[in-house]
Amino acid sequence: MRTKLATLILMTIALGCSTQAPENSGNVESILYLGKGDNQPLVVGLGGSEGGNAWTRSRWKKTRDQFLAKGYAFLAIGYFGSKGTPNTLDRISIESVHQAIAAAAQNSKVDKTKIAVIGGSKGAELALLMASHYNDIKCVMALVPSHCVFPALTLSASTSSWMYRGEEVPYVPMPWAAVPSAMKRDLRSAFSIMLEDKEAVERALIKVENINGPIFLLSAKRDEMWPSTEMSDEVVKRLKLKGFSHPYQHMAIEGGHTDVLDHFDAIFSFLEKNLPAY
């Protein structure tokens, strides 16, 4: 009990303090994998809250190689927890991430008119957000995504996850009512409580209608991290309301947060149909 109380006191102090931008803010790590041939569409991989340059890891080699075999170049980006990048997911500059994409698109083997992004969880949040700001991104594949921006992954949760043009992107704050759930690691309940703040959600909504191409949403009905199916439904609702002109699809699986990784056949099918390599 005393440990929990001490944690709450520390969070209270942190919430009341101003914070500086994280060290190495604006730095990203990017590694480009090229297949054979010319005019390869570029698929950009964004990791989630695990940090580091997730798509460079050995567990993803088979999937990377599948993209290459299908005629796509693949760019793996680490935006925190990688060498030379911020240690935490806190106020990450989406311009810096986009600059890494733009630089890779200049490769002579890459077709810079065909850029897709794929991300999972917080990486899906970033993928949707970034594509809503940059029209050179022509396809988004968002795995267990959110429809709005949530706080940085810090103890205080008192800053945004993302920065754009020097300003924090509006986010849904964590109220005290969500703290007990978060401390028990019942993250789905914590995020559900946060989403009850309708005014904050409205301010933090990602303007998905501005995305310049098809959108694929892959969610998990029994997501233990956050309500990805319900939030994906909100994305679809907004796309319909705004008269989105590009194709979009929401596929909800019967499983948990990481079970979506067993459904790359659907991801490849959507990509090859909507942003073909040949």
# chains A, B, ... in the order shown; residues from 1 in each chain; ligands from 1
>>> residues_around(residues="segment 157-160 of chain A", least_positions_apart="5", cutoff="6 Å", atoms="only C-alpha atoms", output="PyMOL selection string")
chain A and resi 91+151-152+168+171
>>> select_by_dssp(residues="segment 90-223 of chain A", states="alpha helix (DSSP H)", output="PyMOL selection string")
chain A and resi 94-104+122-133+179-183+187-194+198-204
>>> write_last_selection(atoms="C-alpha atoms", output="PDB file, in the first residue's frame")
ATOM      1  CA  ILE A  94       6.647  13.401 -37.053  1.00  0.00           C
ATOM      2  CA  GLU A  95       8.524  15.716 -39.453  1.00  0.00           C
ATOM      3  CA  SER A  96      11.748  13.868 -38.643  1.00  0.00           C
ATOM      4  CA  VAL A  97      10.122  10.530 -39.367  1.00  0.00           C
ATOM      5  CA  HIS A  98       8.793  11.872 -42.655  1.00  0.00           C
ATOM      6  CA  GLN A  99      12.187  13.318 -43.573  1.00  0.00           C
ATOM      7  CA  ALA A 100      13.698   9.837 -43.250  1.00  0.00           C
ATOM      8  CA  ILE A 101      10.998   8.522 -45.581  1.00  0.00           C
ATOM      9  CA  ALA A 102      11.582  11.313 -48.097  1.00  0.00           C
ATOM     10  CA  ALA A 103      15.327  10.637 -48.062  1.00  0.00           C
ATOM     11  CA  ALA A 104      14.824   6.907 -48.728  1.00  0.00           C
ATOM     12  CA  LYS A 122       1.449   3.227 -31.237  1.00  0.00           C
ATOM     13  CA  GLY A 123       3.140   2.772 -34.617  1.00  0.00           C
ATOM     14  CA  ALA A 124      -0.324   2.564 -36.181  1.00  0.00           C
ATOM     15  CA  GLU A 125      -1.285   5.765 -34.386  1.00  0.00           C
ATOM     16  CA  LEU A 126       1.807   7.389 -35.889  1.00  0.00           C
ATOM     17  CA  ALA A 127       1.143   5.930 -39.350  1.00  0.00           C
ATOM     18  CA  LEU A 128      -2.372   7.375 -39.492  1.00  0.00           C
ATOM     19  CA  LEU A 129      -1.293  10.705 -38.006  1.00  0.00           C
ATOM     20  CA  MET A 130       1.680  11.156 -40.326  1.00  0.00           C
ATOM     21  CA  ALA A 131      -0.287  10.179 -43.428  1.00  0.00           C
ATOM     22  CA  SER A 132      -2.940  12.739 -42.487  1.00  0.00           C
ATOM     23  CA  HIS A 133      -0.251  15.445 -42.788  1.00  0.00           C
ATOM     24  CA  VAL A 179      -4.423   5.578 -12.714  1.00  0.00           C
ATOM     25  CA  PRO A 180      -5.491   2.542 -10.609  1.00  0.00           C
ATOM     26  CA  SER A 181      -6.151   0.514 -13.777  1.00  0.00           C
ATOM     27  CA  ALA A 182      -2.842   1.590 -15.256  1.00  0.00           C
ATOM     28  CA  MET A 183      -0.974   0.643 -12.071  1.00  0.00           C
ATOM     29  CA  LEU A 187      -4.346  -1.046 -19.840  1.00  0.00           C
ATOM     30  CA  ARG A 188      -7.546  -1.630 -21.769  1.00  0.00           C
ATOM     31  CA  SER A 189      -9.587  -0.348 -18.819  1.00  0.00           C
ATOM     32  CA  ALA A 190      -7.254   2.635 -18.421  1.00  0.00           C
ATOM     33  CA  PHE A 191      -7.615   3.621 -22.085  1.00  0.00           C
ATOM     34  CA  SER A 192     -11.382   3.068 -21.952  1.00  0.00           C
ATOM     35  CA  ILE A 193     -11.613   5.475 -19.016  1.00  0.00           C
ATOM     36  CA  MET A 194      -9.493   8.018 -20.892  1.00  0.00           C
ATOM     37  CA  LYS A 198     -15.313  13.222 -25.168  1.00  0.00           C
ATOM     38  CA  GLU A 199     -14.066  16.804 -25.458  1.00  0.00           C
ATOM     39  CA  ALA A 200     -10.437  15.701 -25.216  1.00  0.00           C
ATOM     40  CA  VAL A 201     -11.043  12.912 -27.714  1.00  0.00           C
ATOM     41  CA  GLU A 202     -12.560  15.383 -30.164  1.00  0.00           C
ATOM     42  CA  ARG A 203      -9.474  17.602 -29.918  1.00  0.00           C
ATOM     43  CA  ALA A 204      -7.144  14.628 -30.338  1.00  0.00           C
TER      44      ALA A 204
END
>>> closest_residue(among="A:Leu68, A:Lys207, A:Tyr278, A:Asp262", to="Glu234 of chain A", atoms="only C-alpha atoms")
A:Lys207
>>> atom_distance(atom1="atom CA of Ile253 of chain A", atom2="atom CA of Ala220 of chain A")
5.0 Å
>>> atom_distance(atom1="atom CA of Gly78 of chain A", atom2="atom CA of Trp55 of chain A")
8.3 Å
>>> closest_residue(among="A:Gly213, A:Asp186, A:His147, A:Ala178", to="Arg238 of chain A", atoms="only C-alpha atoms")
A:His147
>>> residues_around(residues="Leu261 of chain A", least_positions_apart="5", cutoff="10 Å", atoms="only C-alpha atoms", output="CSV table (one decimal) with C-alpha atoms, in the first residue's frame")
chain,number,residue,atom,x,y,z
A,120,GLY,CA,1.3,-1.5,-35.1
A,143,LEU,CA,-2.6,-2.8,-37.1
A,144,VAL,CA,-4.5,-2.5,-33.8
A,218,LEU,CA,-6.6,-4.6,-38.7
A,267,ILE,CA,-2.2,-7.1,-45.3
>>> closest_residue(among="A:Asp223, A:His246, A:Asp65, A:Ile92", to="Tyr164 of chain A", atoms="only C-alpha atoms")
A:Ile92
>>> closest_residue(among="A:Thr258, A:Asn24, A:Asn87, A:Gln40", to="Leu153 of chain A", atoms="only C-alpha atoms")
A:Asn87
>>> residues_around(residues="Lys36 of chain A", least_positions_apart="2", cutoff="8 Å", atoms="only C-alpha atoms", output="list in words")
Leu34, Asp38, Leu68 and Gly71 of chain A
>>> closest_residue(among="A:Leu239, A:Val110, A:Leu195, A:Val169", to="Asn210 of chain A", atoms="only C-alpha atoms")
A:Leu239
